[in-house]
Each structure stands twice: as structure tokens, then as C-alpha cells.
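Enquirer: Pasting my_file_10.csv here (CSV, N, CA, C and O atoms):
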chain,number,residue,atom,x,y,z
A,16,ILE,N,-18.4,-18.1,-9.8
A,16,ILE,CA,-17.5,-17.4,-8.8
A,16,ILE,C,-18.2,-16.2,-8.3
A,16,ILE,O,-18.7,-15.4,-9.1
A,17,ARG,N,-18.2,-16.0,-7.0
A,17,ARG,CA,-18.7,-14.9,-6.3
A,17,ARG,C,-17.5,-14.1,-5.7
A,17,ARG,O,-16.7,-14.7,-5.1
A,18,ALA,N,-17.5,-12.8,-5.9
A,18,ALA,CA,-16.3,-12.1,-5.5
A,18,ALA,C,-16.7,-10.8,-4.8
A,18,ALA,O,-17.8,-10.2,-5.0
A,19,TYR,N,-15.8,-10.3,-3.9
A,19,TYR,CA,-15.9,-9.0,-3.3
A,19,TYR,C,-14.5,-8.4,-3.2
A,19,TYR,O,-13.6,-9.1,-2.8
A,20,ASP,N,-14.4,-7.2,-3.7
A,20,ASP,CA,-13.1,-6.4,-3.5
A,20,ASP,C,-13.6,-5.0,-3.5
A,20,ASP,O,-14.2,-4.5,-4.5
A,21,PRO,N,-13.3,-4.2,-2.5
A,21,PRO,CA,-13.7,-2.9,-2.4
A,21,PRO,C,-13.0,-1.9,-3.4
A,21,PRO,O,-13.5,-0.8,-3.6
A,22,ILE,N,-11.9,-2.3,-4.0
A,22,ILE,CA,-11.1,-1.4,-4.8
A,22,ILE,C,-11.0,-2.0,-6.3
A,22,ILE,O,-11.2,-1.2,-7.2
A,23,ALA,N,-10.7,-3.2,-6.4
A,23,ALA,CA,-10.5,-3.8,-7.8
A,23,ALA,C,-11.7,-3.8,-8.6
A,23,ALA,O,-12.8,-4.0,-8.2
A,24,LYS,N,-11.5,-3.5,-9.9
A,24,LYS,CA,-12.5,-3.6,-10.9
A,24,LYS,C,-12.1,-4.7,-11.9
A,24,LYS,O,-11.1,-4.7,-12.4
A,25,LEU,N,-13.0,-5.7,-12.0
A,25,LEU,CA,-12.7,-6.8,-12.9
A,25,LEU,C,-12.9,-6.5,-14.3
A,25,LEU,O,-13.8,-5.8,-14.7
A,26,PRO,N,-12.1,-7.0,-15.2
A,26,PRO,CA,-12.3,-6.8,-16.6
A,26,PRO,C,-13.6,-7.5,-17.1
A,26,PRO,O,-14.0,-8.5,-16.5
A,27,LYS,N,-14.2,-7.0,-18.1
A,27,LYS,CA,-15.4,-7.6,-18.7
A,27,LYS,C,-15.3,-9.0,-19.1
A,27,LYS,O,-16.2,-9.7,-19.2
A,28,SER,N,-14.1,-9.4,-19.4
A,28,SER,CA,-13.8,-10.8,-19.9
A,28,SER,C,-14.1,-11.8,-18.7
A,28,SER,O,-14.2,-13.0,-19.0
A,29,PHE,N,-14.1,-11.3,-17.5
A,29,PHE,CA,-14.4,-12.2,-16.4
A,29,PHE,C,-15.9,-12.3,-16.2
A,29,PHE,O,-16.5,-12.1,-15.2
A,30,SER,N,-16.6,-12.8,-17.2
A,30,SER,CA,-18.1,-12.8,-17.3
A,30,SER,C,-18.7,-13.8,-16.3
A,30,SER,O,-19.8,-13.7,-15.9
A,31,ASP,N,-17.9,-14.8,-15.9
A,31,ASP,CA,-18.4,-15.8,-15.0
A,31,ASP,C,-18.2,-15.4,-13.5
A,31,ASP,O,-18.6,-16.2,-12.6
A,32,VAL,N,-17.7,-14.2,-13.3
A,32,VAL,CA,-17.5,-13.8,-11.9
A,32,VAL,C,-18.6,-12.7,-11.6
A,32,VAL,O,-18.8,-11.8,-12.3
A,33,ARG,N,-19.3,-13.0,-10.5
A,33,ARG,CA,-20.3,-12.1,-10.0
A,33,ARG,C,-19.7,-11.3,-8.8
A,33,ARG,O,-19.3,-11.9,-7.8
A,34,VAL,N,-19.7,-10.0,-8.9
A,34,VAL,CA,-19.1,-9.1,-7.9
A,34,VAL,C,-20.3,-8.6,-7.0
A,34,VAL,O,-21.3,-8.2,-7.5
A,35,PHE,N,-20.0,-8.7,-5.7
A,35,PHE,CA,-21.0,-8.2,-4.7
A,35,PHE,C,-20.6,-7.0,-4.0
A,35,PHE,O,-19.4,-6.7,-3.9
A,36,PRO,N,-21.5,-6.2,-3.4
A,36,PRO,CA,-21.2,-4.9,-2.8
A,36,PRO,C,-20.6,-5.0,-1.5
A,36,PRO,O,-20.1,-4.0,-1.0
A,37,ASP,N,-20.7,-6.1,-0.8
A,37,ASP,CA,-20.0,-6.2,0.5
A,37,ASP,C,-19.5,-7.6,0.8
A,37,ASP,O,-19.9,-8.6,0.1
A,38,LYS,N,-18.6,-7.7,1.7
A,38,LYS,CA,-17.9,-9.0,1.9
A,38,LYS,C,-18.8,-10.2,2.4
A,38,LYS,O,-18.6,-11.3,2.0
A,39,PHE,N,-19.8,-9.9,3.1
A,39,PHE,CA,-20.7,-11.0,3.6
A,39,PHE,C,-21.7,-11.4,2.6
A,39,PHE,O,-22.0,-12.6,2.5
A,40,SER,N,-22.3,-10.5,1.8
A,40,SER,CA,-23.2,-10.9,0.8
A,40,SER,C,-22.6,-11.9,-0.3
A,40,SER,O,-23.2,-12.7,-0.9
A,41,ALA,N,-21.3,-11.7,-0.5
A,41,ALA,CA,-20.6,-12.6,-1.4
A,41,ALA,C,-20.5,-14.0,-0.9
A,41,ALA,O,-20.3,-14.9,-1.7
A,42,LEU,N,-20.7,-14.2,0.4
A,42,LEU,CA,-20.7,-15.5,1.0
A,42,LEU,C,-22.0,-16.3,0.8
A,42,LEU,O,-22.0,-17.5,0.9
A,43,ASP,N,-23.1,-15.6,0.6
A,43,ASP,CA,-24.4,-16.3,0.6
A,43,ASP,C,-24.4,-17.5,-0.4
A,43,ASP,O,-24.2,-17.4,-1.6
A,44,GLY,N,-24.6,-18.7,0.2
A,44,GLY,CA,-24.7,-19.9,-0.5
A,44,GLY,C,-23.4,-20.4,-1.1
A,44,GLY,O,-23.4,-21.4,-1.9
A,45,SER,N,-22.3,-19.9,-0.7
A,45,SER,CA,-21.0,-20.3,-1.3
A,45,SER,C,-20.5,-21.6,-0.7
A,45,SER,O,-20.9,-22.0,0.4
A,46,ASP,N,-19.6,-22.3,-1.4
A,46,ASP,CA,-19.0,-23.5,-0.9
A,46,ASP,C,-17.7,-23.2,-0.2
A,46,ASP,O,-17.3,-24.0,0.7
A,47,ALA,N,-17.0,-22.2,-0.6
A,47,ALA,CA,-15.7,-22.0,-0.1
A,47,ALA,C,-15.3,-20.5,-0.2
A,47,ALA,O,-15.9,-19.7,-1.0
A,48,LEU,N,-14.4,-20.1,0.7
A,48,LEU,CA,-13.9,-18.7,0.7
A,48,LEU,C,-12.4,-18.7,0.6
A,48,LEU,O,-11.7,-19.5,1.3
A,49,ILE,N,-11.8,-17.9,-0.3
A,49,ILE,CA,-10.4,-17.7,-0.4
A,49,ILE,C,-10.1,-16.3,-0.1
A,49,ILE,O,-10.6,-15.4,-0.7
A,50,ILE,N,-9.3,-16.0,0.9
A,50,ILE,CA,-8.9,-14.7,1.3
A,50,ILE,C,-7.4,-14.5,0.8
A,50,ILE,O,-6.5,-15.2,1.2
A,51,LEU,N,-7.2,-13.4,0.0
A,51,LEU,CA,-5.9,-13.2,-0.5
A,51,LEU,C,-5.4,-11.8,-0.2
A,51,LEU,O,-4.4,-11.4,-0.8
A,52,THR,N,-6.1,-11.0,0.6
A,52,THR,CA,-5.8,-9.6,0.9
A,52,THR,C,-5.7,-9.4,2.3
A,52,THR,O,-6.6,-9.8,3.1
A,53,GLU,N,-4.7,-8.7,2.8
A,53,GLU,CA,-4.4,-8.5,4.2
A,53,GLU,C,-4.9,-7.2,4.7
A,53,GLU,O,-4.2,-6.4,5.3
A,54,TRP,N,-6.2,-6.9,4.3
A,54,TRP,CA,-6.8,-5.6,4.8
A,54,TRP,C,-7.5,-5.8,6.1
A,54,TRP,O,-8.1,-6.9,6.3
A,55,ASP,N,-7.5,-4.8,6.9
A,55,ASP,CA,-8.2,-4.9,8.2
A,55,ASP,C,-9.7,-5.2,8.0
A,55,ASP,O,-10.2,-5.9,8.9
A,56,GLU,N,-10.2,-4.8,7.0
A,56,GLU,CA,-11.7,-5.1,6.7
A,56,GLU,C,-12.0,-6.6,6.8
A,56,GLU,O,-13.1,-7.0,7.1
A,57,PHE,N,-11.0,-7.4,6.5
A,57,PHE,CA,-11.2,-8.8,6.4
A,57,PHE,C,-10.9,-9.5,7.7
A,57,PHE,O,-11.1,-10.7,7.9
A,58,ARG,N,-10.4,-8.8,8.7
A,58,ARG,CA,-10.1,-9.4,10.0
A,58,ARG,C,-11.5,-9.8,10.7
A,58,ARG,O,-12.4,-9.1,10.6
A,59,CYS,N,-11.5,-11.0,11.3
A,59,CYS,CA,-12.8,-11.4,11.9
A,59,CYS,C,-12.5,-12.5,12.9
A,59,CYS,O,-11.6,-13.4,12.7
A,60,ASN,N,-13.2,-12.4,14.0
A,60,ASN,CA,-13.0,-13.4,15.1
A,60,ASN,C,-14.4,-14.2,15.3
A,60,ASN,O,-14.4,-15.1,16.1
A,61,ASP,N,-15.4,-13.7,14.6
A,61,ASP,CA,-16.7,-14.3,14.8
A,61,ASP,C,-17.1,-15.3,13.7
A,61,ASP,O,-17.2,-14.9,12.5
A,62,PRO,N,-17.3,-16.5,14.0
A,62,PRO,CA,-17.6,-17.5,13.0
A,62,PRO,C,-19.0,-17.4,12.4
A,62,PRO,O,-19.3,-18.0,11.4
A,63,ARG,N,-19.9,-16.7,13.1
A,63,ARG,CA,-21.3,-16.7,12.7
A,63,ARG,C,-21.6,-16.3,11.2
A,63,ARG,O,-22.4,-16.9,10.6
A,64,PRO,N,-20.9,-15.2,10.7
A,64,PRO,CA,-21.2,-14.9,9.3
A,64,PRO,C,-20.9,-16.0,8.4
A,64,PRO,O,-21.6,-16.2,7.4
A,65,PHE,N,-19.9,-16.8,8.6
A,65,PHE,CA,-19.5,-17.9,7.8
A,65,PHE,C,-20.5,-19.0,7.9
A,65,PHE,O,-20.9,-19.6,6.9
A,66,LEU,N,-20.8,-19.4,9.2
A,66,LEU,CA,-21.7,-20.5,9.4
A,66,LEU,C,-23.2,-20.2,8.9
A,66,LEU,O,-23.8,-21.1,8.4
A,67,GLU,N,-23.6,-19.0,9.0
A,67,GLU,CA,-25.0,-18.6,8.6
A,67,GLU,C,-25.1,-18.4,7.1
A,67,GLU,O,-26.2,-18.6,6.6
A,68,ARG,N,-24.0,-18.1,6.4
A,68,ARG,CA,-24.2,-17.7,5.0
A,68,ARG,C,-23.6,-18.8,4.1
A,68,ARG,O,-24.1,-18.9,2.9
A,69,MET,N,-22.7,-19.6,4.5
A,69,MET,CA,-22.0,-20.5,3.6
A,69,MET,C,-22.7,-21.9,3.7
A,69,MET,O,-23.2,-22.2,4.8
A,70,LYS,N,-22.7,-22.7,2.6
A,70,LYS,CA,-23.3,-24.0,2.6
A,70,LYS,C,-22.6,-24.9,3.7
A,70,LYS,O,-23.3,-25.5,4.5
A,71,ARG,N,-21.3,-25.0,3.6
A,71,ARG,CA,-20.5,-25.8,4.5
A,71,ARG,C,-19.2,-25.1,4.5
A,71,ARG,O,-18.4,-25.4,3.6
A,72,PRO,N,-18.9,-24.3,5.5
A,72,PRO,CA,-17.7,-23.4,5.4
A,72,PRO,C,-16.4,-24.0,5.2
A,72,PRO,O,-15.9,-24.8,6.1
A,73,VAL,N,-15.8,-23.7,4.1
A,73,VAL,CA,-14.4,-24.1,3.9
A,73,VAL,C,-13.7,-22.8,3.6
A,73,VAL,O,-14.1,-22.0,2.7
A,74,ILE,N,-12.7,-22.5,4.4
A,74,ILE,CA,-12.0,-21.2,4.3
A,74,ILE,C,-10.5,-21.4,4.1
A,74,ILE,O,-9.9,-22.1,4.8
A,75,ILE,N,-10.0,-20.8,3.0
A,75,ILE,CA,-8.6,-20.9,2.7
A,75,ILE,C,-8.1,-19.5,2.9
A,75,ILE,O,-8.4,-18.5,2.2
A,76,ASP,N,-7.3,-19.3,4.0
A,76,ASP,CA,-6.8,-18.0,4.4
A,76,ASP,C,-5.4,-17.8,4.0
A,76,ASP,O,-4.5,-18.3,4.6
A,77,GLY,N,-5.2,-17.1,2.8
A,77,GLY,CA,-3.9,-16.9,2.2
A,77,GLY,C,-3.0,-16.0,3.0
A,77,GLY,O,-1.8,-16.0,2.7
A,78,VAL,N,-3.6,-15.2,3.9
A,78,VAL,CA,-2.7,-14.2,4.6
A,78,VAL,C,-2.8,-14.4,6.1
A,78,VAL,O,-2.4,-13.5,6.8
A,79,GLN,N,-3.5,-15.4,6.6
A,79,GLN,CA,-3.6,-15.7,8.0
A,79,GLN,C,-4.2,-14.5,8.7
A,79,GLN,O,-3.7,-14.1,9.8
A,80,ILE,N,-5.3,-14.0,8.2
A,80,ILE,CA,-6.0,-12.8,8.8
A,80,ILE,C,-7.1,-13.1,9.7
A,80,ILE,O,-7.5,-12.3,10.6
A,81,LEU,N,-7.7,-14.3,9.6
A,81,LEU,CA,-8.8,-14.6,10.5
A,81,LEU,C,-8.3,-15.1,11.8
A,81,LEU,O,-7.2,-15.7,11.9
A,82,GLU,N,-9.1,-14.7,12.8
A,82,GLU,CA,-8.6,-14.9,14.2
A,82,GLU,C,-9.1,-16.2,14.8
A,82,GLU,O,-9.9,-17.0,14.1
A,83,SER,N,-8.7,-16.6,16.0
A,83,SER,CA,-8.9,-17.9,16.6
A,83,SER,C,-10.4,-18.3,16.7
A,83,SER,O,-10.7,-19.5,16.6
A,84,GLY,N,-11.3,-17.4,16.8
A,84,GLY,CA,-12.7,-17.7,16.9
A,84,GLY,C,-13.2,-18.4,15.6
A,84,GLY,O,-14.0,-19.3,15.7
A,85,VAL,N,-12.7,-18.0,14.5
A,85,VAL,CA,-13.0,-18.6,13.2
A,85,VAL,C,-12.1,-19.8,13.0
A,85,VAL,O,-12.6,-20.9,12.6
A,86,ARG,N,-10.8,-19.7,13.2
A,86,ARG,CA,-9.9,-20.8,13.0
A,86,ARG,C,-10.2,-22.0,13.8
A,86,ARG,O,-10.0,-23.1,13.3
A,87,GLN,N,-10.7,-21.9,15.0
A,87,GLN,CA,-10.9,-23.0,15.9
A,87,GLN,C,-12.4,-23.5,15.9
A,87,GLN,O,-12.7,-24.5,16.6
A,88,ASP,N,-13.3,-22.9,15.1
A,88,ASP,CA,-14.6,-23.4,15.1
A,88,ASP,C,-14.7,-24.8,14.5
A,88,ASP,O,-14.2,-25.0,13.4
A,89,PRO,N,-15.3,-25.7,15.2
A,89,PRO,CA,-15.3,-27.1,14.7
A,89,PRO,C,-16.2,-27.3,13.4
A,89,PRO,O,-16.1,-28.3,12.8
A,90,HIS,N,-17.0,-26.3,13.1
A,90,HIS,CA,-17.9,-26.4,12.0
A,90,HIS,C,-17.3,-25.8,10.7
A,90,HIS,O,-17.9,-25.8,9.7
A,91,ILE,N,-16.1,-25.3,10.8
A,91,ILE,CA,-15.5,-24.6,9.7
A,91,ILE,C,-14.2,-25.4,9.4
A,91,ILE,O,-13.4,-25.7,10.2
A,92,THR,N,-14.0,-25.7,8.1
A,92,THR,CA,-12.8,-26.3,7.6
A,92,THR,C,-11.9,-25.1,7.3
A,92,THR,O,-12.2,-24.3,6.3
A,93,TYR,N,-10.9,-24.9,8.1
A,93,TYR,CA,-10.0,-23.7,8.0
A,93,TYR,C,-8.6,-24.2,7.6
A,93,TYR,O,-8.0,-25.0,8.2
A,94,VAL,N,-8.1,-23.6,6.5
A,94,VAL,CA,-6.7,-23.9,6.0
A,94,VAL,C,-6.0,-22.5,5.9
A,94,VAL,O,-6.4,-21.6,5.2
A,95,ALA,N,-4.9,-22.4,6.6
A,95,ALA,CA,-4.1,-21.2,6.5
A,95,ALA,C,-2.9,-21.5,5.7
A,95,ALA,O,-2.1,-22.5,5.9
A,96,MET,N,-2.7,-20.8,4.6
A,96,MET,CA,-1.5,-21.0,3.7
A,96,MET,C,-0.2,-20.8,4.6
A,96,MET,O,-0.1,-19.9,5.4
A,97,GLY,N,0.7,-21.8,4.4
A,97,GLY,CA,1.9,-21.7,5.1
A,97,GLY,C,1.9,-22.4,6.4
A,97,GLY,O,3.0,-22.4,7.1
A,98,ILE,N,0.8,-22.9,6.9
A,98,ILE,CA,0.7,-23.6,8.2
A,98,ILE,C,0.2,-25.0,7.9
A,98,ILE,O,-0.9,-25.1,7.4
A,99,PRO,N,1.0,-26.0,8.2
A,99,PRO,CA,0.5,-27.4,8.0
A,99,PRO,C,-0.7,-27.7,8.8
A,99,PRO,O,-0.9,-27.1,9.9
A,100,VAL,N,-1.6,-28.4,8.3
A,100,VAL,CA,-2.9,-28.7,9.0
A,100,VAL,C,-2.6,-29.3,10.4
A,100,VAL,O,-3.3,-29.1,11.3
A,101,THR,N,-1.5,-30.1,10.5
A,101,THR,CA,-1.2,-30.7,11.8
A,101,THR,C,-0.8,-29.7,12.9
A,101,THR,O,-0.8,-29.9,14.1
A,102,GLN,N,-0.5,-28.4,12.4
A,102,GLN,CA,-0.1,-27.4,13.4
A,102,GLN,C,-1.2,-26.3,13.5
A,102,GLN,O,-1.0,-25.3,14.1
A,103,ARG,N,-2.4,-26.7,13.0
A,103,ARG,CA,-3.5,-25.7,13.1
A,103,ARG,C,-3.8,-25.4,14.5
A,103,ARG,O,-3.8,-26.4,15.3
A,104,PRO,N,-4.1,-24.2,14.8
A,104,PRO,CA,-4.4,-23.8,16.2
A,104,PRO,C,-5.7,-24.5,16.7
A,104,PRO,O,-6.6,-24.8,16.0
Once more with this new file: its structure as C-alpha cells, please.

Expert:
Amino acid sequence: IRAYDPIAKLPKSFSDVRVFPDKFSALDGSDALIILTEWDEFRCNDPRPFLERMKRPVIIDGVQILESGVRQDPHITYVAMGIPVTQRP
């Protein structure tokens, strides 16, 4: 598990979690991204960081913070919590 959180400090018992210094370096080589925080830092409309860094971008947006440029990119599998896939923008 690769993680980024600018504030949280993980307990030492989370030894299988590798914490990265910035949001995009945590994406390098990843299979999926789960966003669970509604901070402005995570707002994004540009799909390039996901396409360039992730193996095959699968994004689960738990707070619906990513914008249409990412949501509608045909190369990204985007799932917004609370929105059925049939209603995806």
C-alpha cells in the first residue's frame, strides 16, 4: 500500500504501508487510487498525472472531489461513491 496524507501519521504497526512526501509520487506504479479526504489539495481536473504515473488508472473518489477532466477521461476507470456507474458524467 502506497499512501499520502499531509497531516496524518500512521502507527508503526502499519508496516506494509509506505508513506510518500507528496500526492503524485504516491501514484507511481500504482494500480488504484482511493480518495477519502475532501481537501482542496486533492481537487484536480487534469488527467495527465494519473495517466502518466499509474499502471492502469482506477480511481475511487469517496468524496467526489475530482473534476470532469478526470471523471470523463476514457483511459481512467472512475468510480464516485454515491453515484451509480450508469449516472457517471

Enquirer: Near Arg33 (chain A), counting only N, CA, C and O atoms, which residues have an atom at most 4.5 Å away, once you skip same-chain residues fewer than 6 positions from it, shown as a list in words?

Expert: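 Within the cut-off, the hits are Ile16, Arg17 and Ala18 of chain A.
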
Enquirer: Just the selected residues (N, CA, C and O atoms), exported as a PDB file, in the frame of the given file, please.

Expert:
ATOM      1  N   ILE A  16     -18.400 -18.100  -9.800  1.00  0.00           N
ATOM      2  CA  ILE A  16     -17.500 -17.400  -8.800  1.00  0.00           C
ATOM      3  C   ILE A  16     -18.200 -16.200  -8.300  1.00  0.00           C
ATOM      4  O   ILE A  16     -18.700 -15.400  -9.100  1.00  0.00           O
ATOM      5  N   ARG A  17     -18.200 -16.000  -7.000  1.00  0.00           N
ATOM      6  CA  ARG A  17     -18.700 -14.900  -6.300  1.00  0.00           C
ATOM      7  C   ARG A  17     -17.500 -14.100  -5.700  1.00  0.00           C
ATOM      8  O   ARG A  17     -16.700 -14.700  -5.100  1.00  0.00           O
ATOM      9  N   ALA A  18     -17.500 -12.800  -5.900  1.00  0.00           N
ATOM     10  CA  ALA A  18     -16.300 -12.100  -5.500  1.00  0.00           C
ATOM     11  C   ALA A  18     -16.700 -10.800  -4.800  1.00  0.00           C
ATOM     12  O   ALA A  18     -17.800 -10.200  -5.000  1.00  0.00           O
TER      13      ALA A  18
END

Enquirer: Using only C-alpha atoms, pick whichever of A:Tyr19, A:Phe29, A:Phe39, A:Tyr93 has the shortest atom-to-atom distance to Gly77 (chain A).

Expert: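 Of all the options, A:Tyr93 lies closest to Gly77 (chain A).
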
Enquirer: In terms of the shortest atom-to-atom distance over only N, CA, C and O atoms, which of A:Pro64, A:Lys38, A:Gly97, A:His90 is closest to Asp76 (chain A)?

Expert: A:Gly97

Enquirer: Mind pulling up the distance from atom C of Ile98 (chain A) to atom C of Asp37 (chain A)?

Expert: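 Atom-to-atom, atom C of Asp37 (chain A) and atom C of Ile98 (chain A) are spaced 27.2 Å apart.
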
Enquirer: Report as an NGL selection string all protein, DNA and RNA residues lying within 7 Å of region 43-54 of chain A, evaluated on only C-alpha atoms, omitting residues in the same chain fewer than 5 positions from it.

Expert: :A and (68-78 or 80)

Enquirer: Using Å and a single decimal, report how far atom C of Gln79 (chain A) sits from CA of Phe65 (chain A).

Expert: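 Atom-to-atom, CA of Phe65 (chain A) to atom C of Gln79 (chain A), that is 15.7 Å.
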
Enquirer: When you draw a straight line from atom O of Pro21 (chain A) to atom O of Glu56 (chain A), how long is it in Å?

Expert: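 Interatomic distance, atom O of Pro21 (chain A) to atom O of Glu56 (chain A): 12.4 Å.
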